[in-house]
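The structure under discussion appears below in the form of structure tokens.
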Amino acid sequence: MTMQDETIVSAVISILVENESGVLARVIGLFSGRGYNIESLTVAPVEQSRHQSRINIVTSGTPQVIEQIKAQVGRLVPVYRVANLTQVGPHVAREMALVKVVSSGEARTEALRIAEAFRARAVDTTATSFVFELTGATDKLDSFIDLMRPLGLAEVSRTGVAAIIRGPRTI
Amino acid sequence: MNATPNRNDLKPNTRGHGADIVLSGAEVLLRVLVEQEVDVIFGYPGGAVLPIYDALFKQNAVRHILVRHEQAAVHAAEAYARSTGKVGVVLVTSGPGATNAVTGLVDALMDSIPVVCFTGQVGVPLIGTDAFQEADTTGITRQATKHNYLVKNPADLARVAHEAFHIARSGRPGPVVVDLPKNITVGSAPYAPASRAPHPSYRPRTEPEREAVVRAVAAMKRARRPLFYTGGGIINAGPQASEALGRLVRKTGFPCTSTLMGLGAYPTTDRQFLGMLGMHGTYEANLATHGCDVLVALGARFDDRVTGRLDAFSPDSFKIHADIEPSQINKIVQVDVPIVGDAGRVIEMMLEEWDRQDGAPDPAALGQWWQQIDAWRGIRSLHFEQDRTPSAIIRPQYAVRRLYELAMETGRDTFVSTEVGQHQMWAAQHFQFDRPNRWLTSGGLGTMGYGLPAAVGAQVAHPDALVIDIAGEASTLMNIQELGTIAQYRLPVKLFILNNQYMGMVRQWQELLHGSRYSESYSAALPDFIRLAESFHAKGMRATCVGELDDVIRAMLAEPGAVVADICVAQDENCYPMIPSGAAHNQMLLGPEQEGEVKVSAEGRMLV
């Protein structure tokens with residue numbers, strides 16, 4: 001018998017679902033009911049004509065748990081496809097953040113300088129505040145927000161991860 | 001009941017414009033039931049389903065059985081499904097009707113029983129307003145069902161209702177709820193026959209991969225200490241799967257054990273059958289599971305009642321696991337050969353591969369294995385001593401044994417349902433099942449109160465059969481109101497109560513784990529079951545000592561109508577053998593004399 005691997009790994013699960021009422025509740029209810037983690041979640045229609053939505057969930061657990069998540073989600077009737085992108089191979093995972101910084105003087109200048117280095121765009125500017133828009137991998141957003149903390153970070157709104165396989169393959 | 005003429009009235013018009021006919025939603029629903037070959041539904045009326053009850057009143061194709069509580073409707077439908085292989089159908093009203101049904105739905109979900117439950121709902125414009133008898137039924141039952149629907153558009157009604165049957169019965173079967181707002185059933189709706197097109201997203205796999213079966217059979221041919229571990233999936237796969245299992249077990253010469261849910265798939269009286277495995281399984285079944293080198297799991301799911309301590313479960317075996325539901329594989333136990341497919345198809349393919357592949361298991365090794373198993377059998381782990389003095393106290397195991405022997409003497413087709421607890425385990429250990437679909441019990445959820453409504457469902461499905469609920473006095477009181485249903489439809493159900501005046505399994509655990517502090521487990525203020533029976537127009541009987549037992553059982557079996565038999569049994573009897581929680585299969589307790597030796601670990605104490 002193979003011993004079970006107890007290391008906790010992170011995984012991006014992409015789920016293509018029928019865009020019907022209650023479908024998100026089914027997926028989320030499954031996660032909470034079986035004690036799986038949700039680190040981030042995004043959902044939006046992707047195929048209007050075919051009534052399909054895509055749910056991307058960043059989760060973590062032992063490899064066995066991640067495999068279970070995939071299998072359990074696959075049981076849901078309105079699920080077309082479910083893929084563990086982390087397992088499938090190279091993929092792009094991006095999220096967007098809107099970051100409000102309220103400051104003046106030296107801190108304000110520093111915030112703007114760091115924003116440029118991160119290619120964050122100031123989408124709203126007042127005499128005392130900026131709202132930066134930043135897209136990228138989760139850890140890039142994390143470090144940008146960390147850097148803004150001493151510079152007057154006031155509020156953050158993040159989308160959660162959207163992900164897709166690199167190359168011609170699809171889920 | 002001769003339903004033929006009326007059945008035709010409700011058939012969609014096949015000569016022309018079948019799909020264009022406009023009926024009321026309730027009439028559409030009735031047509032769907034007829035097209036799905038439903039002949040009986042179990043239900044309870046209420047405001048939100050009155051239009052459906054009105055449509056039922058005007059036809060004779062679908063028979064309605066009025067239960068006394070909605071939970072019982074679902075259990076009856078489960079037993080109907082389990083004993084016939086068809087989908088069980090339930091009709092309840094909104095709000096409390098639906099919430100009362102939830103326990104039954106989860107029971108069906110855990111035991112993979114195909115049930116379609118139609119629930120009434122307040123009209124669409126009232127949804128979300130806290131209207132009278134409104135409940136968020138789809139929200140409440142989302143985790144209690146395989147799938148559920150709220151029909152908000154009349155155009156969807158026929159399609160959804162047909163689809164509910166397809167989902168309930170296909171793949172791993174389960175309960176499906178269809179929530180029907182009152183304006184949908186009152187208003188007009190188009191009828192459409194069941195679609196032949198595959199479902200866009202739901203496509204369960206039933207045909208196993210040949211390559212996986214090839215690897216499994218190759219391992220079985222190399223086996224020196226093999227074991228079949230079979231479960232309820234084989235029952236769900238239909239009687240032909242059980243028949244194929246019989247051929248496979250005989251052809252290979254391997255021993256076979258079964259879960260609680262799988263009893264009857266392989267004849268329990270056969271020499272190659274080792275008895276049930278798990279917490280209250282036989283010594284030989286558990287030791288064989290522990291010691292085998294190839295474990296072939298068919299339609300079973302490594303439930304915690306079966307595995308005991310996981311890190312010590314069948315530690316040296318090569319594991320093959322066939323299940324129709326991919327999520328069951330590697331869920332609890334990591335296996336070497338996973339096979340996704342219908343149990344019947346897997347077994348047939350194993351039989352083909354067994355003939356196709358060269359070689360055979362080493363006969364000497366297999367002979368030794370059987371010798372070892374026979375030595376374990378020699379322990380006689382189900383043995384009990386019954387004092388035969390007429391005034392002696394009846395031991396519950398003896399009551400079940402005599403019930404089995406005397407029921408067999410009648411030669412009648414016999415169905416047994418149970419409640420949950422000690423009596424359920426004694427029934428599983430001491431009643432024998434040589435055919436599938438005759439054993440109706442609540443396995444996964446362990447629902448006290450399952451047995452009496454289940455007996456209703458089985459008796460409705462098999463009016464001429466002998467249907468017995470082997471019950472405990474505590475469990476059966478949870479749905480005792482079904483004696484009313486039994487009286488109304490003159491169902492000759494036999495309620496056989498092993499009355500020890502305790503919630504026996506609770507008391508047993510309190511004895512083993514909580515210093516015999518019997519907190520709230522005494523059945524105080526019990527009714528007089530004879531007078532209870534009589535008040536529900538049934539025959540009441542009582543046996544208080546060994547000398548009365550056979551006479552009471554014979555009288556019960558001879559009685560043409562319903563019987564409540566109150567069998568007063570030893571109060572302090574515990575259910576053995578037993579694997580204490582947190583222990584391994586080779587650490588079984590065989591009897592009370594070993595109780596002192598039990599050291600339940602701190603971890604085990606936390607397990608249920």
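All residue names refer to the structure tokens as shown: chains lettered A, B, ... in order, residues numbered from 1 in each chain, ligands numbered from 1 in order.
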
inquiry  = Show me, as a count of residues only, every residue of chain B with an atom at most 10 Å from chain A, counting only C-alpha atoms.
reply    = 37

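By only C-alpha atoms, and with residues fewer than 6 positions from Asp323 in chain B along its chain excluded, the set lying at most 10 Å from it is Gly171, Arg172, Thr206, Pro208, Gly231, Gly233, Ile234, Ala297, Leu298, Gly299, Ala300, Arg301, Ile329, Pro338, Ile339, Val340, Gly341, Asp342, Ala343 and Val346 of chain B.
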
May I have the residues within 6 Å of range 89-98 of chain A as a PDB file with N, CA, C and O atoms, in the first residue's frame, using only C-alpha atoms and disregarding those fewer than 5 positions away in the same chain?
ATOM      1  N   PHE A 132      -4.958  52.511  -7.014  1.00  0.00           N
ATOM      2  CA  PHE A 132      -4.143  51.822  -8.013  1.00  0.00           C
ATOM      3  C   PHE A 132      -4.847  50.555  -8.495  1.00  0.00           C
ATOM      4  O   PHE A 132      -5.461  49.844  -7.705  1.00  0.00           O
ATOM      5  N   GLU A 133      -4.703  50.333  -9.801  1.00  0.00           N
ATOM      6  CA  GLU A 133      -5.188  49.070 -10.375  1.00  0.00           C
ATOM      7  C   GLU A 133      -3.965  48.250 -10.749  1.00  0.00           C
ATOM      8  O   GLU A 133      -3.080  48.745 -11.454  1.00  0.00           O
ATOM      9  N   LEU A 134      -3.957  47.010 -10.260  1.00  0.00           N
ATOM     10  CA  LEU A 134      -2.781  46.175 -10.482  1.00  0.00           C
ATOM     11  C   LEU A 134      -3.230  44.764 -10.845  1.00  0.00           C
ATOM     12  O   LEU A 134      -4.116  44.201 -10.205  1.00  0.00           O
ATOM     13  N   THR A 135      -2.623  44.230 -11.905  1.00  0.00           N
ATOM     14  CA  THR A 135      -2.952  42.861 -12.315  1.00  0.00           C
ATOM     15  C   THR A 135      -1.686  42.028 -12.250  1.00  0.00           C
ATOM     16  O   THR A 135      -0.602  42.522 -12.584  1.00  0.00           O
ATOM     17  N   GLY A 136      -1.829  40.767 -11.840  1.00  0.00           N
ATOM     18  CA  GLY A 136      -0.655  39.906 -11.828  1.00  0.00           C
ATOM     19  C   GLY A 136      -0.886  38.670 -11.008  1.00  0.00           C
ATOM     20  O   GLY A 136      -2.013  38.383 -10.604  1.00  0.00           O
ATOM     21  N   ALA A 137       0.215  37.961 -10.780  1.00  0.00           N
ATOM     22  CA  ALA A 137       0.124  36.762  -9.944  1.00  0.00           C
ATOM     23  C   ALA A 137      -0.157  37.184  -8.504  1.00  0.00           C
ATOM     24  O   ALA A 137       0.148  38.309  -8.106  1.00  0.00           O
ATOM     25  N   VAL A 156      -8.385  47.638   0.290  1.00  0.00           N
ATOM     26  CA  VAL A 156      -8.001  46.767  -0.819  1.00  0.00           C
ATOM     27  C   VAL A 156      -9.229  46.015  -1.308  1.00  0.00           C
ATOM     28  O   VAL A 156     -10.040  45.555  -0.513  1.00  0.00           O
ATOM     29  N   SER A 157      -9.381  45.917  -2.618  1.00  0.00           N
ATOM     30  CA  SER A 157     -10.411  45.055  -3.198  1.00  0.00           C
ATOM     31  C   SER A 157      -9.734  44.168  -4.246  1.00  0.00           C
ATOM     32  O   SER A 157      -9.090  44.677  -5.166  1.00  0.00           O
ATOM     33  N   ARG A 158      -9.840  42.840  -4.042  1.00  0.00           N
ATOM     34  CA  ARG A 158      -9.173  41.907  -4.979  1.00  0.00           C
ATOM     35  C   ARG A 158     -10.204  41.002  -5.641  1.00  0.00           C
ATOM     36  O   ARG A 158     -11.232  40.685  -5.060  1.00  0.00           O
ATOM     37  N   THR A 159      -9.901  40.566  -6.859  1.00  0.00           N
ATOM     38  CA  THR A 159     -10.875  39.765  -7.613  1.00  0.00           C
ATOM     39  C   THR A 159     -10.784  38.282  -7.300  1.00  0.00           C
ATOM     40  O   THR A 159     -11.731  37.535  -7.529  1.00  0.00           O
ATOM     41  N   GLY A 160      -9.623  37.826  -6.822  1.00  0.00           N
ATOM     42  CA  GLY A 160      -9.391  36.383  -6.783  1.00  0.00           C
ATOM     43  C   GLY A 160      -8.840  35.943  -8.127  1.00  0.00           C
ATOM     44  O   GLY A 160      -8.866  36.697  -9.112  1.00  0.00           O
ATOM     45  N   VAL A 161      -8.373  34.700  -8.189  1.00  0.00           N
ATOM     46  CA  VAL A 161      -7.576  34.264  -9.340  1.00  0.00           C
ATOM     47  C   VAL A 161      -8.455  33.786 -10.496  1.00  0.00           C
ATOM     48  O   VAL A 161      -9.394  33.016 -10.306  1.00  0.00           O
ATOM     49  N   ALA A 162      -8.115  34.263 -11.709  1.00  0.00           N
ATOM     50  CA  ALA A 162      -8.620  33.652 -12.940  1.00  0.00           C
ATOM     51  C   ALA A 162      -7.434  32.928 -13.567  1.00  0.00           C
ATOM     52  O   ALA A 162      -6.316  33.443 -13.548  1.00  0.00           O
ATOM     53  N   ALA A 163      -7.669  31.729 -14.085  1.00  0.00           N
ATOM     54  CA  ALA A 163      -6.526  30.951 -14.557  1.00  0.00           C
ATOM     55  C   ALA A 163      -6.867  30.215 -15.837  1.00  0.00           C
ATOM     56  O   ALA A 163      -8.034  29.918 -16.116  1.00  0.00           O
ATOM     57  N   ILE A 164      -5.829  29.933 -16.616  1.00  0.00           N
ATOM     58  CA  ILE A 164      -6.010  29.237 -17.894  1.00  0.00           C
ATOM     59  C   ILE A 164      -4.711  28.502 -18.233  1.00  0.00           C
ATOM     60  O   ILE A 164      -3.626  28.933 -17.832  1.00  0.00           O
ATOM     61  N   ILE A 165      -4.839  27.392 -18.938  1.00  0.00           N
ATOM     62  CA  ILE A 165      -3.656  26.596 -19.296  1.00  0.00           C
ATOM     63  C   ILE A 165      -2.858  27.321 -20.372  1.00  0.00           C
ATOM     64  O   ILE A 165      -3.428  27.910 -21.292  1.00  0.00           O
ATOM     65  N   ARG A 166      -1.532  27.274 -20.290  1.00  0.00           N
ATOM     66  CA  ARG A 166      -0.693  27.826 -21.351  1.00  0.00           C
ATOM     67  C   ARG A 166      -0.723  26.904 -22.573  1.00  0.00           C
ATOM     68  O   ARG A 166      -0.961  25.702 -22.422  1.00  0.00           O
TER      69      ARG A 166
END

inquiry  = I'd like to know which residues of range 261-299 of chain B are helix (DSSP H, G or I) (by DSSP, run on the backbone); could you write them as a PyMOL selection string?
reply    = chain B and resi 283-291

For Pro239 in chain B: contacts at 12 Å, only C-alpha atoms, fewer than 4 positions along chain excluded, given as a compact mmCIF listing (two decimals) with C-alpha atoms, in the first residue's frame:
# COMPACT_ATOMS: atom_id res chain seq x y z
CA ARG B 82 -34.41 -1.20 -2.92
CA SER B 83 -36.75 -4.17 -3.16
CA THR B 84 -37.82 -3.65 -6.80
CA GLY B 85 -34.87 -1.95 -8.50
CA GLY B 232 -24.34 -2.25 -1.87
CA GLY B 233 -23.14 -1.23 -5.33
CA ILE B 234 -23.72 -4.79 -6.46
CA ILE B 235 -27.34 -4.67 -5.26
CA GLU B 243 -25.77 -13.58 -10.20
CA ALA B 244 -22.47 -12.70 -11.93
CA LEU B 245 -20.81 -12.25 -8.54
CA GLY B 246 -21.87 -15.77 -7.62
CA GLY B 262 -24.33 -5.70 0.30
CA GLY B 264 -27.75 -10.93 -0.16
CA ALA B 265 -25.65 -10.16 -3.25
CA TYR B 266 -23.78 -13.39 -2.51
CA ALA B 343 -20.35 -3.34 -10.54
CA GLY B 344 -22.20 -5.78 -12.78
CA ASP B 434 -29.67 -15.92 -0.35
CA ARG B 435 -31.00 -13.37 -2.79
CA PRO B 436 -30.43 -9.63 -3.30
CA ASN B 437 -33.03 -6.89 -2.65
CA ARG B 438 -34.52 -8.69 0.38

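Residues in contact with Gly504 in chain B at 8 Å, where only C-alpha atoms are counted and same-chain residues fewer than 2 positions away are skipped, are listed as Gly421, Gln422, Asn500, Gln501, Tyr502, Val506, Arg507, Gln508, Ser521 and Asn574 of chain B.
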
Preceding selection exported with C-alpha atoms as a PDB file, in the first residue's frame:
ATOM      1  CA  GLY B 421     -29.011  -0.416  16.667  1.00  0.00           C
ATOM      2  CA  GLN B 422     -28.194  -3.755  18.271  1.00  0.00           C
ATOM      3  CA  ASN B 500     -34.818  -4.941  25.855  1.00  0.00           C
ATOM      4  CA  GLN B 501     -36.143  -1.667  27.277  1.00  0.00           C
ATOM      5  CA  TYR B 502     -32.935   0.111  26.328  1.00  0.00           C
ATOM      6  CA  VAL B 506     -26.227   3.395  23.194  1.00  0.00           C
ATOM      7  CA  ARG B 507     -26.223   1.376  26.413  1.00  0.00           C
ATOM      8  CA  GLN B 508     -23.519  -0.919  25.037  1.00  0.00           C
ATOM      9  CA  SER B 521     -30.613   5.282  27.371  1.00  0.00           C
ATOM     10  CA  ASN B 574     -24.384  -6.798  24.033  1.00  0.00           C
TER      11      ASN B 574
END

inquiry  = Which residues are near range 61-70 of chain B? Cut-off 6 Å, only C-alpha atoms, ignore same chain within fewer than 2 positions. Put them as a list in words.
reply    = Ala3, Asn6, Arg7, Asp39, Val40, Ile41, Phe42, Gly43, Tyr44, Gln59, Ala72, Ala73, Asn100, Ala101, Glu482 and Thr485 of chain B

query = Taking the backbone alone, and naming residues the way the document does, which bits of range 16-93 of chain A are strand (DSSP E or B) by DSSP, as a ChimeraX atom specification?
reply = /A:16-18,40-47,52-61,79-84,91-93

note = Correct to one decimal, the distance CA of Glu37 in chain B-CA of Lys86 in chain B is 9.1 Å

Kindly assemble as CSV a list of the range 484-524 of chain B residues that lie within 8 Å of range 469-480 of chain B, each paired with its nearest atom pair and their distance in Å to one decimal, using only C-alpha atoms, sorted first by chain and then by ascending residue number.
residue,atom,partner,partner_atom,distance
B:Val493,CA,B:Asp469,CA,7.5
B:Lys494,CA,B:Asp469,CA,6.2
B:Leu495,CA,B:Asp469,CA,4.9
B:Phe496,CA,B:Ile470,CA,4.9
B:Ile497,CA,B:Ala471,CA,4.6
B:Leu498,CA,B:Gly472,CA,5.1
B:Asn499,CA,B:Glu473,CA,5.1
B:Asn500,CA,B:Glu473,CA,7.4
B:Gln501,CA,B:Glu473,CA,6.8
B:Tyr502,CA,B:Ala474,CA,7.0
B:Met503,CA,B:Ala474,CA,5.8
B:Ser523,CA,B:Ala474,CA,6.5

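As for CA of Ile553 in chain B and CA of Leu403 in chain B, they are spaced 6.5 Å apart.
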
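Residues lying within 9 Å of Ala83 in chain A, counting only C-alpha atoms and ignoring same-chain neighbours fewer than 2 positions away, are Val12, Ile13, Ser14, Ile15, Leu16, Lys70, Arg81, Leu85, Thr86, Gln87, Val88 and Ile171 of chain A.
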
query = So how far away is CA of Leu607 in chain B from CA of Ala583 in chain B, in Å?
reply = 10.7 Å
